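Heads up: the structure comes next, in structure tokens.
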Amino acid sequence: MFDSAVMFVAGLLGASESATRLLLSLLSGYPLAMLYRSPLLYNQPAPVKHVYFIITGLLQCCFNFGTEVYHSLINIAIIYIVLRLAGGTKASVVFAFVFNTGYLVGGYCFETSGVNSYNISWTMPHCVLTLRLTAVAFDLYDGQKKPIPPESRDSSLIKCPSLLELLGQCYFFGGFLVGPQYCMQRYLNFVHGVYSDPRTKGPPNTTPAALERFFLGIVYIGAFQVVVMFVSDDYLQSSAFQERGLLFKCVVLMLWGKTCLNKYIGSWLLTEGAIIYCGLSYRDVDNNNVAQWDACTNVRLQHLESACTLYHYIQSFNCNTNLWMAKYIFKRLRFLGNKMVSQCVTLLYLAVWHGLDTGYYVCFFLEFVYMFCERQVSETVGRVEGLNSWLSRPELQPVVYVVKKVYSTFLLSWALVAFSLLHTRKWSSVYASLHYVGFVIPLVVVAASVLLRRLLPKPVAHNGLAASSSSSATARSSEKTD
């Protein structure tokens with residue numbers, strides 16, 4: 001009867017059963033957070049809270065994936081044993097990194113074999129778990145350093161967390177299914193009341209901020225469901241789309257790309273609202289001494305919607321995963337002595353972390369290429385005397401913005417084709433129908449930039465606009481994921 005009810009809701013929403021179960025689980029975070037904030041639980045000792053998060057997280061996992069909950073339990077148990085025996089050593093970090101990633105990749109091998117489309121399975125929350133457990137090993141290692149590195153002071157661990165603490169952090173209903181990433185130290189601060197209302201020592205006043213993210217999440221999920229009825233993955237592969245003119249297909253592709261992002265944005269907003277409601281996402285107070293609850297934000301909506309460059313898109317999307325990749329992968333590769341190589345390794349790991357399908361690797365390869373092209377354009381424009389100031393004229397700003405917006409949205413949508421369709425046969429057919437224009441553009445841009453830079457003089461020392469933009473894009477592009 002319960003399964004029938006889920007199928008009925010799925011039919012009303014026009015979604016698959018697995019997607020409906022995921023949506024219902026994300027929505028369940030709000031009543032669960034309300035129960036946590038009640039006097040029955042909020043003022044209880046930390047172990048009681050851990051148990052509550054473990055039970056509710058396991059129930060969510062069983063609701064979505066049934067008996068396959070054992071995968072997360074096995075992974076957590078093995079990492080806990082290693083941390084108890086050798087936590088804080090390089091060996092423990094290497095083991096945690098290799099074992100966690102290997103377990104995830106092994107899951108991909110079994111779950112995606114013979115599957116023709118993306119399937120919501122136990123590997124989806126296991127992606128989140130892989131990074132979370134690996135981060136605990138790194139943070140415990142950083143906590144043994146004297147002095148502790150500045151970038152690790154807020155997350156480093158002096159001692160190994162207990163099994164109850166580790167299970168509580170991993171199964172916390174606000175971040176188990178779709179993220180975001182948050183460190184163990186933040187979770188412990190939260191459970192021990194560090195983020196409580198300083199006056200009452202009770203739950204902080206996060207209801208307005210939580211409701212805002214909730215309603216925004218509903219809007220984005222709703223927009224996705226409406227548009228996908230007309231512009232879906234299947235439509236891109238249909239003869240009705242592929243027989244149309246190139247301009248029409250480019251416009252539709254951009255609409256599809258924006259719709260594709262909405263399902264991720266909506267999911268993150270819904271789970272962020274539950275996290276805010278619980279009180280985990282406290283960051284600091286602003287200049288007016290008002291608490292800010294955006295430490296677990298996975299998407300910066302204002303920046304994302306106004307973005308007109310790929311750098312801005314990357315900066316605003318999947319933020320906590322970006323930060324994780326920068327902190328635990330990119331910056332730890334300093335010994336390679338080359339930022340470009342570190343960036344390539346980080347993006348390669350990011351692709352492996354997402355899955356084994358060719359579409360992921362094409363997507364992140366295109367990200368690398370597109371960011372390289374943006375840097376080339378920025379540096380080339382900086383060499384043309386007076387061009388930056390001319391393009392900055394107020395009357396030209398709307399035109400410049402629209403051109404950049406269309407350009408960046410199209411390239412982002414082009415990369416998302418491979419990311420969403422995954423299999424070579426599917427994404428290659430769409431690319432072929434658009435005459436591979438998304439691959440031609442970077443080739444033309446790079447060739448034109450190389451030619452122009454041979455002809456143009458080098459920028460003078462005081463012209464640092466292009467250079468600073470380039471360096472910041474290089475550093476930030478290394479963090480992007482998805």
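Chain lettering (A, B, ...) mirrors the order of the structure tokens, residue numbering begins at 1 for each chain separately, and ligand numbering begins at 1 in order of display.
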
Who sits within 12 Å of A:Leu452, only C-alpha atoms, same chain under 3 positions skipped, as JSON, numbers by chain: {"A": [376, 377, 379, 380, 381, 382, 383, 384, 445, 446, 447, 448, 449, 455, 456, 457, 458]}

Preceding selection exported with C-alpha atoms as a PDB file, in the first residue's frame:
```pdb
ATOM      1  CA  GLN A 376      42.843  33.478 -23.446  1.00  0.00           C
ATOM      2  CA  VAL A 377      40.128  35.965 -24.378  1.00  0.00           C
ATOM      3  CA  GLU A 379      44.442  38.175 -21.776  1.00  0.00           C
ATOM      4  CA  THR A 380      43.998  39.057 -25.447  1.00  0.00           C
ATOM      5  CA  VAL A 381      41.483  41.822 -24.710  1.00  0.00           C
ATOM      6  CA  GLY A 382      43.928  43.204 -22.157  1.00  0.00           C
ATOM      7  CA  ARG A 383      46.548  43.640 -24.886  1.00  0.00           C
ATOM      8  CA  VAL A 384      44.336  45.798 -27.089  1.00  0.00           C
ATOM      9  CA  VAL A 445      38.903  31.166 -29.941  1.00  0.00           C
ATOM     10  CA  VAL A 446      42.290  29.678 -29.073  1.00  0.00           C
ATOM     11  CA  ALA A 447      43.584  30.024 -32.637  1.00  0.00           C
ATOM     12  CA  ALA A 448      42.437  33.656 -32.864  1.00  0.00           C
ATOM     13  CA  SER A 449      43.903  34.475 -29.436  1.00  0.00           C
ATOM     14  CA  LEU A 455      50.597  40.587 -33.380  1.00  0.00           C
ATOM     15  CA  LEU A 456      49.778  42.664 -30.299  1.00  0.00           C
ATOM     16  CA  PRO A 457      52.281  44.068 -27.775  1.00  0.00           C
ATOM     17  CA  LYS A 458      52.472  42.620 -24.276  1.00  0.00           C
TER      18      LYS A 458
END
```

As number ranges by chain, list the residues of stretch 226-426 of chain A assigned to helix (DSSP H, G or I) by DSSP on the backbone atoms of this structure. A: 226-228, 233-236, 239-242, 246-278, 301-306, 310-316, 319-336, 339-354, 358-383, 387-391, 394-421, 424-426

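Minimum distance to A:Arg132 across A:Trp324, A:Phe364, A:Tyr108, A:Trp353 (counting only C-alpha atoms) occurs at A:Trp324.
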
Which polymer residues have any atom within 10 Å of an atom of A:Tyr36, counting only C-alpha atoms, with same-chain residues fewer than 3 positions away left out, as JSON, numbers by chain? {"A": [30, 31, 32, 33, 39, 40, 41, 42, 43, 44, 49, 52, 53, 203, 277, 278]}

Which residues come within 12 Å of A:Ala77, counting only C-alpha atoms, excluding same-chain residues fewer than 5 positions away, as an MDAnalysis selection string? chainID A and resid 70:72 82:84 96 100 133 162:164 166:167 170

May I have the residues from that selection written out with all heavy atoms, as a CSV table (one decimal), in the first residue's frame?
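Output file again-v2.csv is given in full below:
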```csv
chain,number,residue,atom,x,y,z
A,70,TYR,N,23.3,-1.3,3.6
A,70,TYR,CA,24.5,-2.0,4.1
A,70,TYR,C,25.8,-1.4,3.5
A,70,TYR,O,26.9,-1.5,4.2
A,70,TYR,CB,24.5,-3.5,4.0
A,70,TYR,CG,24.7,-4.0,2.6
A,70,TYR,CD1,26.0,-4.2,2.1
A,70,TYR,CD2,23.6,-4.3,1.8
A,70,TYR,CE1,26.1,-4.7,0.8
A,70,TYR,CE2,23.8,-4.8,0.5
A,70,TYR,CZ,25.0,-5.0,0.0
A,70,TYR,OH,25.2,-5.5,-1.3
A,71,HIS,N,25.8,-0.9,2.3
A,71,HIS,CA,27.0,-0.3,1.7
A,71,HIS,C,27.5,0.8,2.6
A,71,HIS,O,28.8,0.9,2.8
A,71,HIS,CB,26.7,0.2,0.3
A,71,HIS,CG,26.4,-0.9,-0.7
A,71,HIS,ND1,27.4,-1.8,-1.1
A,71,HIS,CD2,25.3,-1.3,-1.3
A,71,HIS,CE1,26.9,-2.7,-2.0
A,71,HIS,NE2,25.6,-2.4,-2.1
A,72,SER,N,26.7,1.7,2.9
A,72,SER,CA,27.2,2.9,3.7
A,72,SER,C,27.6,2.4,5.1
A,72,SER,O,28.7,2.9,5.6
A,72,SER,CB,26.1,3.9,3.9
A,72,SER,OG,24.9,3.4,4.5
A,82,VAL,N,40.0,2.0,10.9
A,82,VAL,CA,41.3,2.6,10.5
A,82,VAL,C,41.6,3.8,11.3
A,82,VAL,O,42.8,4.0,11.7
A,82,VAL,CB,41.3,2.9,9.0
A,82,VAL,CG1,42.5,3.6,8.5
A,82,VAL,CG2,41.1,1.5,8.2
A,83,LEU,N,40.7,4.7,11.5
A,83,LEU,CA,40.9,5.9,12.2
A,83,LEU,C,41.3,5.7,13.7
A,83,LEU,O,42.1,6.4,14.3
A,83,LEU,CB,39.7,6.9,12.1
A,83,LEU,CG,39.4,7.4,10.7
A,83,LEU,CD1,38.2,8.4,10.7
A,83,LEU,CD2,40.6,8.2,10.1
A,84,ARG,N,40.6,4.7,14.2
A,84,ARG,CA,40.9,4.3,15.6
A,84,ARG,C,42.3,3.7,15.8
A,84,ARG,O,43.0,4.0,16.7
A,84,ARG,CB,39.9,3.3,16.2
A,84,ARG,CG,38.5,3.9,16.3
A,84,ARG,CD,38.4,5.0,17.3
A,84,ARG,NE,38.7,4.6,18.7
A,84,ARG,CZ,38.7,5.4,19.8
A,84,ARG,NH1,38.4,6.7,19.6
A,84,ARG,NH2,39.0,4.9,21.0
A,96,ALA,N,42.1,5.9,3.5
A,96,ALA,CA,40.8,6.4,3.4
A,96,ALA,C,40.4,6.9,2.0
A,96,ALA,O,39.4,6.6,1.5
A,96,ALA,CB,40.6,7.5,4.4
A,100,ASN,N,37.7,4.6,0.1
A,100,ASN,CA,36.4,5.3,-0.2
A,100,ASN,C,36.1,5.4,-1.7
A,100,ASN,O,35.0,5.1,-2.1
A,100,ASN,CB,36.4,6.7,0.5
A,100,ASN,CG,36.4,6.6,2.0
A,100,ASN,OD1,35.9,5.6,2.6
A,100,ASN,ND2,36.9,7.6,2.7
A,133,LEU,N,33.8,11.0,4.5
A,133,LEU,CA,34.7,10.1,5.3
A,133,LEU,C,36.1,10.4,5.0
A,133,LEU,O,37.0,10.4,5.8
A,133,LEU,CB,34.4,8.7,5.0
A,133,LEU,CG,33.0,8.1,5.5
A,133,LEU,CD1,32.8,6.7,5.0
A,133,LEU,CD2,33.0,8.2,7.0
A,162,SER,N,34.2,9.6,17.9
A,162,SER,CA,33.6,8.3,18.3
A,162,SER,C,32.7,7.7,17.2
A,162,SER,O,32.4,8.4,16.3
A,162,SER,CB,32.7,8.5,19.6
A,162,SER,OG,31.6,9.2,19.3
A,163,LEU,N,32.4,6.5,17.3
A,163,LEU,CA,31.6,5.8,16.3
A,163,LEU,C,30.2,6.5,16.2
A,163,LEU,O,29.6,6.7,15.1
A,163,LEU,CB,31.4,4.3,16.6
A,163,LEU,CG,30.6,3.5,15.6
A,163,LEU,CD1,31.2,3.6,14.2
A,163,LEU,CD2,30.5,2.1,16.1
A,164,LEU,N,29.7,6.9,17.4
A,164,LEU,CA,28.4,7.5,17.4
A,164,LEU,C,28.4,8.9,16.7
A,164,LEU,O,27.5,9.2,15.9
A,164,LEU,CB,27.9,7.7,18.9
A,164,LEU,CG,26.4,7.8,19.2
A,164,LEU,CD1,25.7,6.6,18.7
A,164,LEU,CD2,26.2,8.1,20.6
A,166,LEU,N,30.6,9.7,14.3
A,166,LEU,CA,30.8,9.5,12.9
A,166,LEU,C,29.5,9.1,12.2
A,166,LEU,O,29.2,9.6,11.1
A,166,LEU,CB,31.9,8.5,12.7
A,166,LEU,CG,32.4,8.3,11.3
A,166,LEU,CD1,33.0,9.6,10.8
A,166,LEU,CD2,33.4,7.1,11.2
A,167,LEU,N,28.8,8.2,12.8
A,167,LEU,CA,27.5,7.8,12.3
A,167,LEU,C,26.5,8.9,12.2
A,167,LEU,O,25.8,9.1,11.2
A,167,LEU,CB,26.9,6.6,13.1
A,167,LEU,CG,27.6,5.3,12.9
A,167,LEU,CD1,27.1,4.3,14.0
A,167,LEU,CD2,27.4,4.7,11.5
A,170,CYS,N,27.4,11.3,9.4
A,170,CYS,CA,27.2,10.7,8.0
A,170,CYS,C,25.7,10.6,7.7
A,170,CYS,O,25.3,10.8,6.6
A,170,CYS,CB,27.9,9.3,8.0
A,170,CYS,SG,29.7,9.4,8.0
```

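Near A:Leu23, within a cut-off of 9 Å and counting only C-alpha atoms, sit the residues Ser18, Ser28, Ser267 and Leu270 of chain A, with same-chain residues fewer than 5 positions away left out.
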
Same residues, N, CA and C atoms, output as an mmCIF file, in the first residue's frame:
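part-v1.cif, freshly written:
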```cif
data_model
loop_
_atom_site.group_PDB
_atom_site.id
_atom_site.type_symbol
_atom_site.label_atom_id
_atom_site.label_comp_id
_atom_site.auth_asym_id
_atom_site.auth_seq_id
_atom_site.Cartn_x
_atom_site.Cartn_y
_atom_site.Cartn_z
ATOM 1 N N SER A 18 11.755 6.537 -8.259
ATOM 2 C CA SER A 18 12.968 6.832 -7.489
ATOM 3 C C SER A 18 13.126 8.325 -7.245
ATOM 4 N N SER A 28 10.905 15.551 3.843
ATOM 5 C CA SER A 28 10.782 15.040 5.210
ATOM 6 C C SER A 28 11.774 15.712 6.156
ATOM 7 N N SER A 267 16.854 20.654 -5.623
ATOM 8 C CA SER A 267 17.180 19.653 -4.597
ATOM 9 C C SER A 267 18.081 20.247 -3.526
ATOM 10 N N LEU A 270 16.107 22.690 -1.237
ATOM 11 C CA LEU A 270 15.233 22.004 -0.282
ATOM 12 C C LEU A 270 16.024 21.448 0.893
#
```

Would you list the contacts of A:Gly222 as a list of chain:residue names, taking every protein, DNA or RNA residue within 10 Å and counting only C-alpha atoms, but skipping same-chain residues closer than 3 positions in sequence? A:Leu13, A:Leu216, A:Gly217, A:Ile218, A:Val219, A:Gln225, A:Val226, A:Val227, A:Val228, A:Asn262, A:Lys263, A:Gly266

Applying 10 Å and only C-alpha atoms, which residues near A:Tyr103 remain after dropping the ones on its own chain fewer than 6 positions away? List them as a ChimeraX atom specification. /A:71-72,74-75,109,123,126,130

Emit the selected residues as a tab-separated table (two decimals), in the first residue's frame, including all heavy atoms.
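As a result, result-v6.tsv now contains:
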```
chain	number	residue	atom	x	y	z
A	71	HIS	N	25.76	-0.88	2.33
A	71	HIS	CA	26.97	-0.33	1.71
A	71	HIS	C	27.54	0.81	2.55
A	71	HIS	O	28.75	0.86	2.81
A	71	HIS	CB	26.66	0.16	0.29
A	71	HIS	CG	26.41	-0.94	-0.69
A	71	HIS	ND1	27.39	-1.81	-1.10
A	71	HIS	CD2	25.27	-1.31	-1.34
A	71	HIS	CE1	26.88	-2.67	-1.97
A	71	HIS	NE2	25.60	-2.38	-2.13
A	72	SER	N	26.69	1.72	2.95
A	72	SER	CA	27.18	2.86	3.75
A	72	SER	C	27.65	2.40	5.13
A	72	SER	O	28.66	2.90	5.65
A	72	SER	CB	26.09	3.92	3.89
A	72	SER	OG	24.91	3.38	4.46
A	74	ILE	N	28.97	-0.53	5.94
A	74	ILE	CA	30.27	-1.19	5.79
A	74	ILE	C	31.38	-0.16	5.62
A	74	ILE	O	32.43	-0.24	6.27
A	74	ILE	CB	30.25	-2.16	4.59
A	74	ILE	CG1	29.36	-3.36	4.90
A	74	ILE	CG2	31.66	-2.62	4.24
A	74	ILE	CD1	29.16	-4.29	3.72
A	75	ASN	N	31.14	0.81	4.74
A	75	ASN	CA	32.15	1.84	4.47
A	75	ASN	C	32.49	2.63	5.73
A	75	ASN	O	33.67	2.86	6.06
A	75	ASN	CB	31.65	2.77	3.38
A	75	ASN	CG	32.76	3.47	2.64
A	75	ASN	OD1	32.60	3.94	1.52
A	75	ASN	ND2	33.93	3.58	3.23
A	109	CYS	N	30.56	0.25	-11.06
A	109	CYS	CA	30.76	-0.87	-11.98
A	109	CYS	C	29.56	-1.81	-11.97
A	109	CYS	O	29.12	-2.30	-13.01
A	109	CYS	CB	32.02	-1.64	-11.61
A	109	CYS	SG	33.56	-0.74	-11.91
A	123	THR	N	24.50	4.56	-4.92
A	123	THR	CA	25.75	5.27	-5.20
A	123	THR	C	25.58	6.78	-5.13
A	123	THR	O	26.58	7.49	-4.98
A	123	THR	CB	26.29	4.89	-6.59
A	123	THR	OG1	25.31	5.16	-7.59
A	123	THR	CG2	26.65	3.41	-6.64
A	126	HIS	N	26.21	7.75	-1.68
A	126	HIS	CA	27.55	7.28	-1.38
A	126	HIS	C	28.61	8.24	-1.94
A	126	HIS	O	29.73	8.28	-1.42
A	126	HIS	CB	27.76	5.87	-1.96
A	126	HIS	CG	28.69	5.04	-1.14
A	126	HIS	ND1	28.28	4.29	-0.06
A	126	HIS	CD2	30.04	4.85	-1.21
A	126	HIS	CE1	29.31	3.67	0.49
A	126	HIS	NE2	30.39	4.01	-0.19
A	130	THR	N	31.50	9.40	0.47
A	130	THR	CA	32.91	9.23	0.10
A	130	THR	C	33.73	10.46	0.47
A	130	THR	O	34.79	10.36	1.09
A	130	THR	CB	33.04	8.94	-1.40
A	130	THR	OG1	32.43	7.68	-1.70
A	130	THR	CG2	34.49	8.91	-1.85
```

Between A:Val105, A:Leu396, A:Ala19, A:Met325, which has the minimum distance to A:Thr134 (counting only C-alpha atoms)? A:Met325

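Proximity to A:Leu246 was assessed for A:Lys404, A:Arg425, A:His435, A:Lys159 counting only C-alpha atoms; the smallest distance is recorded for A:His435.
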
note - atom CA of A:Trp268 and atom CA of A:Val299 are separated by 7.4 Å

Would you please extract all strand (DSSP E) residues from stretch 139-340 of chain A, as assigned by DSSP on the backbone, and give them as JSON, numbers by chain? {"A": [284, 285, 291, 292]}

What would the file look like if the residues just selected were written as a CSV table (one decimal), in the first residue's frame with all heavy atoms?
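For reference, part-v4.csv as written:
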```
chain,number,residue,atom,x,y,z
A,284,ASP,N,28.4,33.3,10.5
A,284,ASP,CA,28.9,34.5,11.2
A,284,ASP,C,27.8,35.5,11.3
A,284,ASP,O,26.7,35.3,10.9
A,284,ASP,CB,30.2,35.1,10.5
A,284,ASP,CG,31.1,35.8,11.5
A,284,ASP,OD1,30.7,36.1,12.6
A,284,ASP,OD2,32.3,36.0,11.2
A,285,VAL,N,28.2,36.6,11.9
A,285,VAL,CA,27.2,37.8,11.9
A,285,VAL,C,27.7,38.8,11.0
A,285,VAL,O,28.9,39.0,10.7
A,285,VAL,CB,27.0,38.3,13.3
A,285,VAL,CG1,26.4,37.3,14.3
A,285,VAL,CG2,28.4,38.8,13.9
A,291,ALA,N,22.8,37.2,12.4
A,291,ALA,CA,23.4,35.9,12.1
A,291,ALA,C,23.2,35.5,10.6
A,291,ALA,O,22.1,35.8,10.0
A,291,ALA,CB,22.8,34.8,13.0
A,292,GLN,N,24.2,35.0,10.0
A,292,GLN,CA,24.2,34.5,8.6
A,292,GLN,C,24.1,33.0,8.6
A,292,GLN,O,25.0,32.4,9.2
A,292,GLN,CB,25.4,35.0,7.8
A,292,GLN,CG,25.5,36.6,7.8
A,292,GLN,CD,24.3,37.3,7.2
A,292,GLN,OE1,24.1,37.1,6.0
A,292,GLN,NE2,23.6,38.0,8.0
```

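Of the listed residues A:Lys146, A:Arg300, A:Arg453, A:Arg283, the one whose atoms come nearest to A:Asn318 is A:Arg300, with distances taken using only C-alpha atoms.
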